[in-house]
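Participant: Sharing start_16.txt (compact mmCIF, N, CA and C atoms) below.
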# COMPACT_ATOMS: atom_id res chain seq x y z
N MET A 274 116.27 50.09 98.35
CA MET A 274 115.89 49.81 96.98
C MET A 274 114.57 49.04 96.92
N ASN A 275 114.27 48.29 97.95
CA ASN A 275 113.03 47.53 97.95
C ASN A 275 111.82 48.47 97.94
N GLU A 276 111.94 49.59 98.65
CA GLU A 276 110.83 50.55 98.69
C GLU A 276 110.59 51.15 97.30
N LEU A 277 111.67 51.40 96.57
CA LEU A 277 111.56 51.94 95.22
C LEU A 277 110.84 50.96 94.30
N LYS A 278 111.14 49.70 94.43
CA LYS A 278 110.47 48.66 93.62
C LYS A 278 108.98 48.60 93.97
N GLN A 279 108.65 48.76 95.23
CA GLN A 279 107.25 48.74 95.65
C GLN A 279 106.49 49.94 95.07
N LEU A 280 107.12 51.10 95.09
CA LEU A 280 106.48 52.28 94.52
C LEU A 280 106.30 52.14 93.02
N GLU A 281 107.30 51.57 92.33
CA GLU A 281 107.18 51.36 90.89
C GLU A 281 106.07 50.37 90.57
N SER A 282 105.87 49.38 91.42
CA SER A 282 104.78 48.42 91.19
C SER A 282 103.42 49.08 91.35
N LEU A 283 103.35 50.17 92.11
CA LEU A 283 102.10 50.92 92.27
C LEU A 283 101.89 51.94 91.16
N GLY A 284 102.88 52.08 90.29
CA GLY A 284 102.76 53.02 89.19
C GLY A 284 103.39 54.37 89.45
N LEU A 285 104.09 54.52 90.58
CA LEU A 285 104.75 55.78 90.90
C LEU A 285 106.21 55.70 90.47
N VAL A 286 106.60 56.61 89.59
CA VAL A 286 107.96 56.62 89.06
C VAL A 286 108.54 58.01 89.27
N LEU A 287 109.80 58.07 89.69
CA LEU A 287 110.46 59.35 89.88
C LEU A 287 110.75 60.00 88.53
N PRO A 288 110.63 61.32 88.44
CA PRO A 288 110.92 61.99 87.17
C PRO A 288 112.41 61.97 86.86
N GLY A 289 112.72 62.06 85.58
CA GLY A 289 114.11 62.06 85.15
C GLY A 289 114.72 63.44 85.25
N PRO A 290 116.03 63.52 85.01
CA PRO A 290 116.72 64.81 85.10
C PRO A 290 116.21 65.85 84.10
N ALA A 291 115.83 65.42 82.90
CA ALA A 291 115.31 66.37 81.90
C ALA A 291 114.00 66.99 82.37
N TYR A 292 113.15 66.20 83.00
CA TYR A 292 111.88 66.71 83.51
C TYR A 292 112.12 67.70 84.65
N LEU A 293 112.99 67.33 85.58
CA LEU A 293 113.28 68.20 86.72
C LEU A 293 113.90 69.53 86.27
N PHE A 294 114.85 69.45 85.35
CA PHE A 294 115.48 70.67 84.83
C PHE A 294 114.44 71.56 84.13
N GLY A 295 113.58 70.96 83.31
CA GLY A 295 112.55 71.73 82.61
C GLY A 295 111.56 72.37 83.57
N ALA A 296 111.12 71.61 84.57
CA ALA A 296 110.16 72.14 85.53
C ALA A 296 110.74 73.32 86.30
N ILE A 297 112.00 73.20 86.71
CA ILE A 297 112.64 74.29 87.44
C ILE A 297 112.85 75.50 86.53
N MET A 298 113.35 75.25 85.33
CA MET A 298 113.62 76.35 84.39
C MET A 298 112.35 77.10 84.03
N PHE A 299 111.28 76.39 83.65
CA PHE A 299 110.04 77.06 83.28
C PHE A 299 109.37 77.71 84.49
N GLY A 300 109.56 77.15 85.67
CA GLY A 300 109.05 77.79 86.88
C GLY A 300 109.72 79.12 87.14
N ILE A 301 111.03 79.18 86.95
CA ILE A 301 111.77 80.43 87.14
C ILE A 301 111.37 81.46 86.09
N ILE A 302 111.24 81.02 84.84
CA ILE A 302 110.80 81.94 83.77
C ILE A 302 109.40 82.46 84.09
N GLY A 303 108.53 81.58 84.58
CA GLY A 303 107.17 81.99 84.95
C GLY A 303 107.17 82.99 86.09
N TRP A 304 108.03 82.78 87.07
CA TRP A 304 108.11 83.70 88.20
C TRP A 304 108.56 85.09 87.74
N VAL A 305 109.57 85.12 86.86
CA VAL A 305 110.05 86.40 86.33
C VAL A 305 108.95 87.09 85.53
N ALA A 306 108.23 86.34 84.70
CA ALA A 306 107.15 86.92 83.91
C ALA A 306 106.02 87.43 84.81
N PHE A 307 105.71 86.68 85.84
CA PHE A 307 104.66 87.09 86.78
C PHE A 307 105.04 88.41 87.46
N ARG A 308 106.28 88.49 87.94
CA ARG A 308 106.73 89.72 88.59
C ARG A 308 106.72 90.91 87.63
N ARG A 309 107.19 90.68 86.40
CA ARG A 309 107.21 91.76 85.39
C ARG A 309 105.78 92.18 85.03
N GLY A 310 104.89 91.19 84.90
CA GLY A 310 103.50 91.51 84.57
C GLY A 310 102.81 92.32 85.65
N LYS A 311 103.09 92.01 86.91
CA LYS A 311 102.52 92.79 88.00
C LYS A 311 103.09 94.20 88.02
N LYS A 312 104.38 94.33 87.71
CA LYS A 312 105.04 95.64 87.76
C LYS A 312 104.52 96.58 86.68
N VAL A 313 104.30 96.06 85.46
CA VAL A 313 103.85 96.90 84.36
C VAL A 313 102.35 96.78 84.10
N SER A 314 101.64 96.09 84.96
CA SER A 314 100.18 95.90 84.85
C SER A 314 99.78 95.28 83.52
N SER A 315 100.47 94.19 83.16
CA SER A 315 100.17 93.48 81.93
C SER A 315 99.54 92.12 82.28
N ALA A 316 98.26 91.98 81.97
CA ALA A 316 97.57 90.72 82.28
C ALA A 316 98.15 89.55 81.49
N ALA A 317 98.58 89.80 80.25
CA ALA A 317 99.14 88.72 79.43
C ALA A 317 100.41 88.16 80.06
N LEU A 318 101.29 89.02 80.53
CA LEU A 318 102.52 88.56 81.17
C LEU A 318 102.22 87.87 82.50
N THR A 319 101.32 88.46 83.28
CA THR A 319 101.00 87.90 84.59
C THR A 319 100.43 86.50 84.47
N TRP A 320 99.43 86.32 83.62
CA TRP A 320 98.77 85.01 83.52
C TRP A 320 99.61 83.98 82.79
N THR A 321 100.45 84.42 81.86
CA THR A 321 101.38 83.48 81.24
C THR A 321 102.41 83.02 82.26
N GLY A 322 102.85 83.91 83.12
CA GLY A 322 103.76 83.54 84.19
C GLY A 322 103.15 82.55 85.15
N VAL A 323 101.89 82.76 85.50
CA VAL A 323 101.19 81.82 86.38
C VAL A 323 101.08 80.45 85.70
N ALA A 324 100.74 80.46 84.42
CA ALA A 324 100.63 79.19 83.68
C ALA A 324 101.96 78.46 83.64
N LEU A 325 103.05 79.18 83.42
CA LEU A 325 104.38 78.55 83.39
C LEU A 325 104.77 77.97 84.75
N MET A 326 104.33 78.59 85.82
CA MET A 326 104.67 78.08 87.14
C MET A 326 103.81 76.88 87.54
N VAL A 327 102.58 76.81 87.05
CA VAL A 327 101.64 75.79 87.53
C VAL A 327 101.57 74.55 86.66
N TYR A 328 101.72 74.68 85.34
CA TYR A 328 101.46 73.54 84.46
C TYR A 328 102.34 72.32 84.70
N PRO A 329 103.58 72.43 85.20
CA PRO A 329 104.34 71.19 85.43
C PRO A 329 103.68 70.23 86.42
N TYR A 330 102.80 70.75 87.28
CA TYR A 330 102.09 69.88 88.22
C TYR A 330 101.04 69.03 87.52
N ALA A 331 100.58 69.45 86.35
CA ALA A 331 99.52 68.74 85.64
C ALA A 331 100.05 67.85 84.52
N VAL A 332 101.32 67.97 84.17
CA VAL A 332 101.90 67.23 83.05
C VAL A 332 102.88 66.20 83.60
N SER A 333 102.75 64.96 83.15
CA SER A 333 103.64 63.92 83.66
C SER A 333 104.68 63.45 82.64
N GLU A 334 104.46 63.73 81.38
CA GLU A 334 105.40 63.31 80.34
C GLU A 334 106.43 64.41 80.08
N THR A 335 107.68 64.01 79.94
CA THR A 335 108.76 64.97 79.73
C THR A 335 108.61 65.73 78.42
N TRP A 336 108.25 65.02 77.35
CA TRP A 336 108.13 65.69 76.06
C TRP A 336 107.00 66.72 76.09
N MET A 337 105.90 66.43 76.79
CA MET A 337 104.81 67.40 76.90
C MET A 337 105.23 68.61 77.72
N LEU A 338 106.01 68.39 78.77
CA LEU A 338 106.51 69.49 79.58
C LEU A 338 107.30 70.46 78.73
N TRP A 339 108.19 69.92 77.88
CA TRP A 339 109.03 70.78 77.05
C TRP A 339 108.24 71.45 75.93
N VAL A 340 107.31 70.76 75.31
CA VAL A 340 106.52 71.35 74.23
C VAL A 340 105.64 72.49 74.76
N ILE A 341 104.94 72.24 75.85
CA ILE A 341 104.08 73.28 76.42
C ILE A 341 104.92 74.44 76.94
N GLY A 342 106.03 74.12 77.62
CA GLY A 342 106.90 75.16 78.16
C GLY A 342 107.49 76.05 77.08
N LEU A 343 107.95 75.44 76.00
CA LEU A 343 108.50 76.23 74.90
C LEU A 343 107.42 77.05 74.22
N GLY A 344 106.23 76.49 74.09
CA GLY A 344 105.12 77.23 73.50
C GLY A 344 104.73 78.44 74.35
N LEU A 345 104.60 78.23 75.64
CA LEU A 345 104.26 79.35 76.54
C LEU A 345 105.40 80.38 76.59
N SER A 346 106.63 79.91 76.54
CA SER A 346 107.77 80.83 76.54
C SER A 346 107.81 81.65 75.25
N GLY A 347 107.46 81.03 74.13
CA GLY A 347 107.38 81.77 72.87
C GLY A 347 106.30 82.82 72.91
N TRP A 348 105.15 82.47 73.45
CA TRP A 348 104.05 83.44 73.63
C TRP A 348 104.51 84.58 74.54
N LEU A 349 105.21 84.23 75.60
CA LEU A 349 105.72 85.23 76.52
C LEU A 349 106.70 86.17 75.84
N TYR A 350 107.58 85.62 75.02
CA TYR A 350 108.56 86.43 74.28
C TYR A 350 107.85 87.39 73.34
N ALA A 351 106.79 86.93 72.70
CA ALA A 351 106.03 87.79 71.77
C ALA A 351 105.31 88.92 72.51
N LYS A 352 104.87 88.67 73.72
CA LYS A 352 104.13 89.68 74.49
C LYS A 352 105.03 90.58 75.32
N TRP A 353 106.27 90.22 75.52
CA TRP A 353 107.17 90.99 76.38
C TRP A 353 107.42 92.35 75.77
Could you show the structure in this file as C-alpha cells?
Facilitator:
Amino acid sequence: MNELKQLESLGLVLPGPAYLFGAIMFGIIGWVAFRRGKKVSSAALTWTGVALMVYPYAVSETWMLWVIGLGLSGWLYAKW
C-alpha cells in the first residue's frame, strides 16, 4: 500500500471500473468496426473503428471516455 500512496503523490491514479469497462467495450466495438470496414472496403467504418480503439489512450477522464465513445458509436451506427 505504501507504493500506491507514493504513486498517488506523483499524480498517478489507477482508473476506476467504469473507465476500464468503457475502454474495453469501445475497443471491442472498434475492432469489430475495423474488421467490417476492411471487409466491405468502407473507409468510414475502418477509420471510426481505429478511432474507437485508440482514443482511450488519449482520454483520462471517465466522463469524456463515455461521451466520445458514445458519439463515435452513434456515428458508426449511422454509417453501418
Participant: As number ranges by chain, please: the residues near range 316-321 of chain A (cut-off 6.5 Å, all atoms listed in the file, same-chain neighbours under 6 positions excluded).
Facilitator: A: 303, 306-310
Participant: Okay, now the selection with N, CA and C atoms, as a compact mmCIF listing (two decimals), in the frame of the given file?
Facilitator:
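As written to disk, again09.txt reads:
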# COMPACT_ATOMS: atom_id res chain seq x y z
N GLY A 303 108.53 81.58 84.58
CA GLY A 303 107.17 81.99 84.95
C GLY A 303 107.17 82.99 86.09
N ALA A 306 108.23 86.34 84.70
CA ALA A 306 107.15 86.92 83.91
C ALA A 306 106.02 87.43 84.81
N PHE A 307 105.71 86.68 85.84
CA PHE A 307 104.66 87.09 86.78
C PHE A 307 105.04 88.41 87.46
N ARG A 308 106.28 88.49 87.94
CA ARG A 308 106.73 89.72 88.59
C ARG A 308 106.72 90.91 87.63
N ARG A 309 107.19 90.68 86.40
CA ARG A 309 107.21 91.76 85.39
C ARG A 309 105.78 92.18 85.03
N GLY A 310 104.89 91.19 84.90
CA GLY A 310 103.50 91.51 84.57
C GLY A 310 102.81 92.32 85.65
Participant: Using only C-alpha atoms, can you list as a PyMOL selection string the residues within 8 Å of (102.7, 96.6, 78.1)?
Facilitator: chain A and resi 313-315+352-353
Participant: Those same residues - N, CA and C atoms - I'd like them written as an mmCIF file, in the frame of the given file.
Facilitator:
data_model
loop_
_atom_site.group_PDB
_atom_site.id
_atom_site.type_symbol
_atom_site.label_atom_id
_atom_site.label_comp_id
_atom_site.auth_asym_id
_atom_site.auth_seq_id
_atom_site.Cartn_x
_atom_site.Cartn_y
_atom_site.Cartn_z
ATOM 1 N N VAL A 313 104.300 96.060 85.460
ATOM 2 C CA VAL A 313 103.850 96.900 84.360
ATOM 3 C C VAL A 313 102.350 96.780 84.100
ATOM 4 N N SER A 314 101.640 96.090 84.960
ATOM 5 C CA SER A 314 100.180 95.900 84.850
ATOM 6 C C SER A 314 99.780 95.280 83.520
ATOM 7 N N SER A 315 100.470 94.190 83.160
ATOM 8 C CA SER A 315 100.170 93.480 81.930
ATOM 9 C C SER A 315 99.540 92.120 82.280
ATOM 10 N N LYS A 352 104.870 88.670 73.720
ATOM 11 C CA LYS A 352 104.130 89.680 74.490
ATOM 12 C C LYS A 352 105.030 90.580 75.320
ATOM 13 N N TRP A 353 106.270 90.220 75.520
ATOM 14 C CA TRP A 353 107.170 90.990 76.380
ATOM 15 C C TRP A 353 107.420 92.350 75.770
#
Participant: Rounded to one decimal in Å, what is the spacing between CA of Gly295 in chain A and CA of Ala351 in chain A?
Facilitator: 20.4 Å
Participant: Rounded to one decimal, what separation in Å do you get between atom N of Leu349 in chain A and atom N of Tyr330 in chain A?
Facilitator: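 The value is 18.0 Å.
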Participant: Between CA of Tyr292 in chain A and CA of Trp304 in chain A, what distance in Å does the model show, to one decimal?
Facilitator: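 Computing it gives 18.0 Å between the two atoms.
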Participant: Could you tell me which of A:Val286, A:Leu325, A:Leu277, A:Ile302 comes closest to Leu338 in chain A if we count only C-alpha atoms?
Facilitator: A:Leu325
Participant: DSSP on the backbone: what in range 285-350 of chain A comes out alpha helix (DSSP H), as number ranges by chain?
Facilitator: A: 290-313, 316-327, 335-350
Participant: Closest to Val305 in chain A among A:Pro288, A:Gly322, A:Glu281, A:Leu293, using only N, CA and C atoms?
Facilitator: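 Result for the nearest residue to Val305 in chain A: A:Gly322.
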Participant: Using all atoms listed in the file, which of A:Gly289, A:Glu276, A:Lys312, A:Gly300 sits nearest Thr335 in chain A?
Facilitator: A:Gly289
Participant: Between A:Met326, A:Leu345, A:Leu283, A:Ser333, single out the one closest to Phe299 in chain A, counting only N, CA and C atoms.
Facilitator: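 Checking each of A:Met326, A:Leu345, A:Leu283, A:Ser333 against Phe299 in chain A, counting only N, CA and C atoms, the winner is A:Met326.
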